[in-house]
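Next comes target38.cif, a file with mmCIF, C-alpha atoms.
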```
data_start
loop_
_atom_site.group_PDB
_atom_site.id
_atom_site.type_symbol
_atom_site.label_atom_id
_atom_site.label_comp_id
_atom_site.auth_asym_id
_atom_site.auth_seq_id
_atom_site.Cartn_x
_atom_site.Cartn_y
_atom_site.Cartn_z
ATOM 1 C CA MET A 1345 0.000 0.000 0.000
ATOM 2 C CA ASN A 1346 1.298 3.430 -0.868
ATOM 3 C CA THR A 1347 1.696 5.593 2.236
ATOM 4 C CA GLU A 1348 2.883 8.691 0.425
ATOM 5 C CA THR A 1349 2.612 11.836 2.549
ATOM 6 C CA ARG A 1350 3.752 14.581 0.190
ATOM 7 C CA LEU A 1351 1.108 17.022 -0.895
ATOM 8 C CA LEU A 1352 0.327 16.945 -4.603
ATOM 9 C CA PRO A 1353 -0.452 19.905 -6.848
ATOM 10 C CA PRO A 1354 -4.086 20.965 -6.403
ATOM 11 C CA ASP A 1355 -4.990 20.091 -9.991
ATOM 12 C CA SER A 1356 -3.751 16.510 -9.871
ATOM 13 C CA LYS A 1357 -6.274 13.738 -10.440
ATOM 14 C CA LEU A 1358 -5.127 11.943 -7.294
ATOM 15 C CA ASP A 1359 -5.740 15.076 -5.250
ATOM 16 C CA GLN A 1360 -9.269 15.281 -6.675
ATOM 17 C CA ILE A 1361 -9.855 11.618 -5.844
ATOM 18 C CA LEU A 1362 -8.671 12.103 -2.274
ATOM 19 C CA SER A 1363 -10.622 15.323 -1.673
ATOM 20 C CA ILE A 1364 -13.859 13.915 -3.056
ATOM 21 C CA SER A 1365 -13.363 10.635 -1.198
ATOM 22 C CA ALA A 1366 -12.677 12.431 2.086
ATOM 23 C CA ARG A 1367 -15.911 14.366 1.652
ATOM 24 C CA HIS A 1368 -17.868 11.176 0.926
ATOM 25 C CA PHE A 1369 -16.288 9.363 3.883
ATOM 26 C CA SER A 1370 -17.165 12.196 6.258
ATOM 27 C CA GLU A 1371 -20.714 12.651 4.901
ATOM 28 C CA LYS A 1372 -21.732 9.033 4.332
ATOM 29 C CA GLY A 1373 -19.286 7.036 6.415
ATOM 30 C CA PHE A 1374 -16.531 4.804 5.109
ATOM 31 C CA GLU A 1375 -18.639 1.707 4.495
ATOM 32 C CA ALA A 1376 -21.396 3.563 2.631
ATOM 33 C CA ALA A 1377 -19.064 5.606 0.420
ATOM 34 C CA SER A 1378 -19.132 4.254 -3.119
ATOM 35 C CA LEU A 1379 -16.057 4.030 -5.341
ATOM 36 C CA ASP A 1380 -18.400 4.131 -8.342
ATOM 37 C CA LEU A 1381 -19.801 7.478 -7.253
ATOM 38 C CA ILE A 1382 -16.344 8.828 -6.353
ATOM 39 C CA ALA A 1383 -14.995 7.817 -9.781
ATOM 40 C CA ARG A 1384 -17.967 9.428 -11.564
ATOM 41 C CA GLU A 1385 -17.600 12.642 -9.582
ATOM 42 C CA VAL A 1386 -13.900 12.793 -10.467
ATOM 43 C CA GLY A 1387 -14.753 12.116 -14.113
ATOM 44 C CA LEU A 1388 -13.244 8.632 -14.356
ATOM 45 C CA HIS A 1389 -14.468 5.123 -14.933
ATOM 46 C CA LYS A 1390 -14.154 2.971 -11.824
ATOM 47 C CA ALA A 1391 -11.528 0.806 -13.568
ATOM 48 C CA THR A 1392 -9.415 3.920 -14.234
ATOM 49 C CA LEU A 1393 -9.680 4.907 -10.577
ATOM 50 C CA TYR A 1394 -7.576 1.845 -9.771
ATOM 51 C CA HIS A 1395 -4.760 3.372 -11.815
ATOM 52 C CA TYR A 1396 -4.433 5.958 -9.015
ATOM 53 C CA VAL A 1397 -5.371 3.957 -5.907
ATOM 54 C CA GLU A 1398 -5.385 0.316 -4.855
ATOM 55 C CA SER A 1399 -8.618 0.235 -2.872
ATOM 56 C CA LYS A 1400 -10.993 2.198 -0.684
ATOM 57 C CA TYR A 1401 -8.677 1.400 2.248
ATOM 58 C CA ASP A 1402 -5.772 2.860 0.267
ATOM 59 C CA ILE A 1403 -7.768 6.060 -0.272
ATOM 60 C CA LEU A 1404 -8.569 6.290 3.433
ATOM 61 C CA ASP A 1405 -4.927 5.668 4.326
ATOM 62 C CA ARG A 1406 -3.840 8.434 1.957
ATOM 63 C CA CYS A 1407 -6.415 10.791 3.496
ATOM 64 C CA LEU A 1408 -4.940 9.964 6.895
ATOM 65 C CA ASN A 1409 -1.454 10.719 5.566
ATOM 66 C CA ARG A 1410 -2.620 14.095 4.276
ATOM 67 C CA HIS A 1411 -4.126 14.861 7.665
ATOM 68 C CA MET A 1412 -0.966 13.879 9.557
ATOM 69 C CA ALA A 1413 1.221 15.842 7.122
ATOM 70 C CA GLU A 1414 -0.599 18.998 8.217
ATOM 71 C CA TYR A 1415 0.932 18.530 11.665
ATOM 72 C CA ALA A 1416 4.463 17.623 10.528
ATOM 73 C CA ASP A 1417 5.947 21.132 10.586
ATOM 74 C CA ILE A 1418 4.579 22.088 13.983
ATOM 75 C CA LEU A 1419 5.564 18.729 15.431
ATOM 76 C CA ALA A 1420 9.136 19.208 14.184
ATOM 77 C CA ARG A 1421 9.238 22.726 15.645
ATOM 78 C CA ILE A 1422 7.937 21.520 19.002
ATOM 79 C CA GLU A 1423 10.420 18.666 19.138
ATOM 80 C CA ALA A 1424 13.285 21.029 18.208
ATOM 81 C CA ARG A 1425 11.950 23.593 20.724
ATOM 82 C CA LYS A 1426 12.102 26.356 18.119
ATOM 83 C CA GLY A 1427 10.135 29.306 19.394
ATOM 84 C CA SER A 1428 8.853 30.469 22.747
ATOM 85 C CA PRO A 1429 6.428 28.165 24.595
ATOM 86 C CA GLU A 1430 3.656 30.710 24.041
ATOM 87 C CA ASP A 1431 4.333 30.875 20.298
ATOM 88 C CA LEU A 1432 4.450 27.080 20.053
ATOM 89 C CA VAL A 1433 1.140 26.680 21.908
ATOM 90 C CA ARG A 1434 -0.481 29.284 19.633
ATOM 91 C CA GLU A 1435 0.898 27.461 16.590
ATOM 92 C CA VAL A 1436 -0.358 24.094 17.869
ATOM 93 C CA PHE A 1437 -3.884 25.470 18.254
ATOM 94 C CA ARG A 1438 -3.761 27.236 14.873
ATOM 95 C CA THR A 1439 -2.450 24.129 13.125
ATOM 96 C CA HIS A 1440 -4.975 21.891 14.853
ATOM 97 C CA ALA A 1441 -7.907 24.163 13.973
ATOM 98 C CA HIS A 1442 -6.795 24.338 10.340
ATOM 99 C CA ALA A 1443 -6.182 20.583 10.086
ATOM 100 C CA GLN A 1444 -9.565 19.714 11.588
ATOM 101 C CA ALA A 1445 -11.419 22.209 9.387
ATOM 102 C CA ASN A 1446 -10.423 20.774 6.014
ATOM 103 C CA GLU A 1447 -11.871 17.732 4.265
ATOM 104 C CA PHE A 1448 -9.127 15.392 5.490
ATOM 105 C CA GLY A 1449 -9.576 16.352 9.141
ATOM 106 C CA ALA A 1450 -13.344 16.007 8.837
ATOM 107 C CA CYS A 1451 -12.887 12.620 7.177
ATOM 108 C CA ILE A 1452 -10.609 11.240 9.873
ATOM 109 C CA SER A 1453 -12.796 12.655 12.635
ATOM 110 C CA ALA A 1454 -15.936 11.111 11.135
ATOM 111 C CA VAL A 1455 -14.405 7.768 10.200
ATOM 112 C CA GLY A 1456 -12.120 7.207 13.172
ATOM 113 C CA SER A 1457 -9.428 4.575 13.282
ATOM 114 C CA GLU A 1458 -11.877 1.637 13.381
ATOM 115 C CA ALA A 1459 -12.373 1.699 9.605
ATOM 116 C CA LEU A 1460 -8.664 1.385 8.965
ATOM 117 C CA ARG A 1461 -6.891 -1.923 8.796
ATOM 118 C CA HIS A 1462 -4.727 -2.952 11.717
ATOM 119 C CA GLU A 1463 -1.445 -1.300 10.620
ATOM 120 C CA PRO A 1464 -2.900 2.129 9.715
ATOM 121 C CA ALA A 1465 -4.872 2.171 12.965
ATOM 122 C CA GLN A 1466 -1.615 1.582 14.838
ATOM 123 C CA ARG A 1467 -0.054 4.495 12.947
ATOM 124 C CA ILE A 1468 -2.948 6.730 14.010
ATOM 125 C CA ARG A 1469 -2.438 5.833 17.656
ATOM 126 C CA ALA A 1470 1.355 6.228 17.395
ATOM 127 C CA PHE A 1471 0.958 9.626 15.738
ATOM 128 C CA GLN A 1472 -1.598 10.776 18.317
ATOM 129 C CA GLY A 1473 0.772 9.684 21.085
ATOM 130 C CA LYS A 1474 3.706 11.499 19.488
ATOM 131 C CA LEU A 1475 1.666 14.680 19.072
ATOM 132 C CA SER A 1476 0.382 14.462 22.641
ATOM 133 C CA ASP A 1477 3.890 13.902 24.022
ATOM 134 C CA ALA A 1478 5.315 16.809 22.022
ATOM 135 C CA VAL A 1479 2.587 19.190 23.181
ATOM 136 C CA THR A 1480 2.983 18.066 26.797
#
```
How does the structure come out when it is put into structure tokens?
Amino acid sequence: MNTETRLLPPDSKLDQILSISARHFSEKGFEAASLDLIAREVGLHKATLYHYVESKYDILDRCLNRHMAEYADILARIEARKGSPEDLVREVFRTHAHAQANEFGACISAVGSEALRHEPAQRIRAFQGKLSDAVT
């Protein structure tokens, strides 16, 4: 499974697939979201969708990666202790609010780690623990 975390250009087909999927996952739930509908909304045949992603679980995993990537810079700054404690706390809250407000944050919040296979769910918990430890 591809666990790529880099952000793609906004006009890329994969980015469209992930954004539309995240919206469907958060609105309908993971199980009810349809790859047929996602493919149609992106303007692809379902078979072509598999050129970009392996499965619905792969899409969800990539959405998770996008969500975690939002926190990468602030996490690195916290761990390196770059900035005053007050500035770092402000940045944590700003980053968190931004990350939760976009389609990937909404998707992960709505879906939760239960929909992910065992390994991605472990990565969610490990990431949450790392973020919590850094903030503490």
For CA of Leu1358 (chain A) and CA of Arg1469 (chain A), quote the distance in Å rounded to one decimal.
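CA of Arg1469 (chain A) lies 25.8 Å from CA of Leu1358 (chain A).
Pairwise distance (CA of Arg1367 (chain A), CA of Ala1465 (chain A)) equals 20.0 Å.
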Evaluate the PyMOL selection byres ((chain A and resi 1381-1383) around 10) and report residues as a PyMOL selection string:
chain A and resi 1360-1368+1377-1380+1384-1394
Saved selection, atoms kept: C-alpha atoms, as a PDB file, in the coordinates of the input:
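The result, written out as out.pdb:
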```pdb
ATOM      1  CA  GLN A1360      -9.269  15.281  -6.675  1.00  0.00           C
ATOM      2  CA  ILE A1361      -9.855  11.618  -5.844  1.00  0.00           C
ATOM      3  CA  LEU A1362      -8.671  12.103  -2.274  1.00  0.00           C
ATOM      4  CA  SER A1363     -10.622  15.323  -1.673  1.00  0.00           C
ATOM      5  CA  ILE A1364     -13.859  13.915  -3.056  1.00  0.00           C
ATOM      6  CA  SER A1365     -13.363  10.635  -1.198  1.00  0.00           C
ATOM      7  CA  ALA A1366     -12.677  12.431   2.086  1.00  0.00           C
ATOM      8  CA  ARG A1367     -15.911  14.366   1.652  1.00  0.00           C
ATOM      9  CA  HIS A1368     -17.868  11.176   0.926  1.00  0.00           C
ATOM     10  CA  ALA A1377     -19.064   5.606   0.420  1.00  0.00           C
ATOM     11  CA  SER A1378     -19.132   4.254  -3.119  1.00  0.00           C
ATOM     12  CA  LEU A1379     -16.057   4.030  -5.341  1.00  0.00           C
ATOM     13  CA  ASP A1380     -18.400   4.131  -8.342  1.00  0.00           C
ATOM     14  CA  ARG A1384     -17.967   9.428 -11.564  1.00  0.00           C
ATOM     15  CA  GLU A1385     -17.600  12.642  -9.582  1.00  0.00           C
ATOM     16  CA  VAL A1386     -13.900  12.793 -10.467  1.00  0.00           C
ATOM     17  CA  GLY A1387     -14.753  12.116 -14.113  1.00  0.00           C
ATOM     18  CA  LEU A1388     -13.244   8.632 -14.356  1.00  0.00           C
ATOM     19  CA  HIS A1389     -14.468   5.123 -14.933  1.00  0.00           C
ATOM     20  CA  LYS A1390     -14.154   2.971 -11.824  1.00  0.00           C
ATOM     21  CA  ALA A1391     -11.528   0.806 -13.568  1.00  0.00           C
ATOM     22  CA  THR A1392      -9.415   3.920 -14.234  1.00  0.00           C
ATOM     23  CA  LEU A1393      -9.680   4.907 -10.577  1.00  0.00           C
ATOM     24  CA  TYR A1394      -7.576   1.845  -9.771  1.00  0.00           C
TER      25      TYR A1394
END
```
Please write as a ChimeraX atom specification the full residue list that the PyMOL selection byres ((chain A and resi 1450-1456) around 7) yields on this file.
/A:1366-1367,1369-1370,1373-1374,1408,1444-1449,1457-1459
Write the residues you've just listed into a file as an mmCIF file, keeping the file's coordinate frame, and include C-alpha atoms for each of them.
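Contents of the output file selection-v8.cif:
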```
data_model
loop_
_atom_site.group_PDB
_atom_site.id
_atom_site.type_symbol
_atom_site.label_atom_id
_atom_site.label_comp_id
_atom_site.auth_asym_id
_atom_site.auth_seq_id
_atom_site.Cartn_x
_atom_site.Cartn_y
_atom_site.Cartn_z
ATOM 1 C CA ALA A 1366 -12.677 12.431 2.086
ATOM 2 C CA ARG A 1367 -15.911 14.366 1.652
ATOM 3 C CA PHE A 1369 -16.288 9.363 3.883
ATOM 4 C CA SER A 1370 -17.165 12.196 6.258
ATOM 5 C CA GLY A 1373 -19.286 7.036 6.415
ATOM 6 C CA PHE A 1374 -16.531 4.804 5.109
ATOM 7 C CA LEU A 1408 -4.940 9.964 6.895
ATOM 8 C CA GLN A 1444 -9.565 19.714 11.588
ATOM 9 C CA ALA A 1445 -11.419 22.209 9.387
ATOM 10 C CA ASN A 1446 -10.423 20.774 6.014
ATOM 11 C CA GLU A 1447 -11.871 17.732 4.265
ATOM 12 C CA PHE A 1448 -9.127 15.392 5.490
ATOM 13 C CA GLY A 1449 -9.576 16.352 9.141
ATOM 14 C CA SER A 1457 -9.428 4.575 13.282
ATOM 15 C CA GLU A 1458 -11.877 1.637 13.381
ATOM 16 C CA ALA A 1459 -12.373 1.699 9.605
#
```
Taking the file above as input, evaluate the PyMOL selection byres ((chain A and resi 1471-1476) around 12) and report the hits as a PyMOL selection string.
chain A and resi 1408-1409+1411-1423+1436+1439-1440+1457+1464-1470+1477-1480
Could you please determine the separation between CA of Asp1359 (chain A) and CA of Glu1375 (chain A) in Å, to one decimal place?
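CA of Glu1375 (chain A) lies 21.0 Å from CA of Asp1359 (chain A).
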Let me have the centre and edge lengths of the axis-aligned box enclosing all listed atoms of region 1440-1454 of chain A with 4 Å padding on every side, in Å to one decimal, as lines of an AutoDock Vina configuration file.
```
center_x = -10.5
center_y = 17.7
center_z = 9.6
size_x = 19.0
size_y = 21.2
size_z = 18.6
```
Output region 1402-1413 of chain A as a PDB file, in the frame of the given file, making sure N, CA, C and O atoms are there.
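Saved as result05.pdb:
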```pdb
ATOM      1  N   ASP A1402      -6.921   2.071   0.705  1.00  0.00           N
ATOM      2  CA  ASP A1402      -5.772   2.860   0.267  1.00  0.00           C
ATOM      3  C   ASP A1402      -6.132   4.338   0.250  1.00  0.00           C
ATOM      4  O   ASP A1402      -5.351   5.191   0.700  1.00  0.00           O
ATOM      5  N   ILE A1403      -7.318   4.664  -0.252  1.00  0.00           N
ATOM      6  CA  ILE A1403      -7.768   6.060  -0.272  1.00  0.00           C
ATOM      7  C   ILE A1403      -7.841   6.602   1.151  1.00  0.00           C
ATOM      8  O   ILE A1403      -7.351   7.695   1.439  1.00  0.00           O
ATOM      9  N   LEU A1404      -8.441   5.840   2.051  1.00  0.00           N
ATOM     10  CA  LEU A1404      -8.569   6.290   3.433  1.00  0.00           C
ATOM     11  C   LEU A1404      -7.195   6.469   4.075  1.00  0.00           C
ATOM     12  O   LEU A1404      -6.951   7.444   4.788  1.00  0.00           O
ATOM     13  N   ASP A1405      -6.286   5.563   3.802  1.00  0.00           N
ATOM     14  CA  ASP A1405      -4.927   5.668   4.326  1.00  0.00           C
ATOM     15  C   ASP A1405      -4.244   6.925   3.800  1.00  0.00           C
ATOM     16  O   ASP A1405      -3.578   7.647   4.549  1.00  0.00           O
ATOM     17  N   ARG A1406      -4.438   7.224   2.532  1.00  0.00           N
ATOM     18  CA  ARG A1406      -3.840   8.434   1.957  1.00  0.00           C
ATOM     19  C   ARG A1406      -4.466   9.696   2.552  1.00  0.00           C
ATOM     20  O   ARG A1406      -3.781  10.704   2.754  1.00  0.00           O
ATOM     21  N   CYS A1407      -5.764   9.654   2.828  1.00  0.00           N
ATOM     22  CA  CYS A1407      -6.415  10.791   3.496  1.00  0.00           C
ATOM     23  C   CYS A1407      -5.818  10.991   4.887  1.00  0.00           C
ATOM     24  O   CYS A1407      -5.562  12.120   5.301  1.00  0.00           O
ATOM     25  N   LEU A1408      -5.590   9.899   5.584  1.00  0.00           N
ATOM     26  CA  LEU A1408      -4.940   9.964   6.895  1.00  0.00           C
ATOM     27  C   LEU A1408      -3.557  10.582   6.767  1.00  0.00           C
ATOM     28  O   LEU A1408      -3.184  11.450   7.561  1.00  0.00           O
ATOM     29  N   ASN A1409      -2.796  10.171   5.765  1.00  0.00           N
ATOM     30  CA  ASN A1409      -1.454  10.719   5.566  1.00  0.00           C
ATOM     31  C   ASN A1409      -1.498  12.215   5.308  1.00  0.00           C
ATOM     32  O   ASN A1409      -0.658  12.964   5.809  1.00  0.00           O
ATOM     33  N   ARG A1410      -2.471  12.654   4.526  1.00  0.00           N
ATOM     34  CA  ARG A1410      -2.620  14.095   4.276  1.00  0.00           C
ATOM     35  C   ARG A1410      -2.901  14.827   5.584  1.00  0.00           C
ATOM     36  O   ARG A1410      -2.353  15.891   5.845  1.00  0.00           O
ATOM     37  N   HIS A1411      -3.770  14.250   6.394  1.00  0.00           N
ATOM     38  CA  HIS A1411      -4.126  14.861   7.665  1.00  0.00           C
ATOM     39  C   HIS A1411      -2.901  14.955   8.582  1.00  0.00           C
ATOM     40  O   HIS A1411      -2.630  15.998   9.164  1.00  0.00           O
ATOM     41  N   MET A1412      -2.143  13.877   8.684  1.00  0.00           N
ATOM     42  CA  MET A1412      -0.966  13.879   9.557  1.00  0.00           C
ATOM     43  C   MET A1412       0.114  14.816   9.026  1.00  0.00           C
ATOM     44  O   MET A1412       0.832  15.443   9.811  1.00  0.00           O
ATOM     45  N   ALA A1413       0.217  14.955   7.702  1.00  0.00           N
ATOM     46  CA  ALA A1413       1.221  15.842   7.122  1.00  0.00           C
ATOM     47  C   ALA A1413       0.982  17.293   7.529  1.00  0.00           C
ATOM     48  O   ALA A1413       1.927  18.076   7.631  1.00  0.00           O
TER      49      ALA A1413
END
```
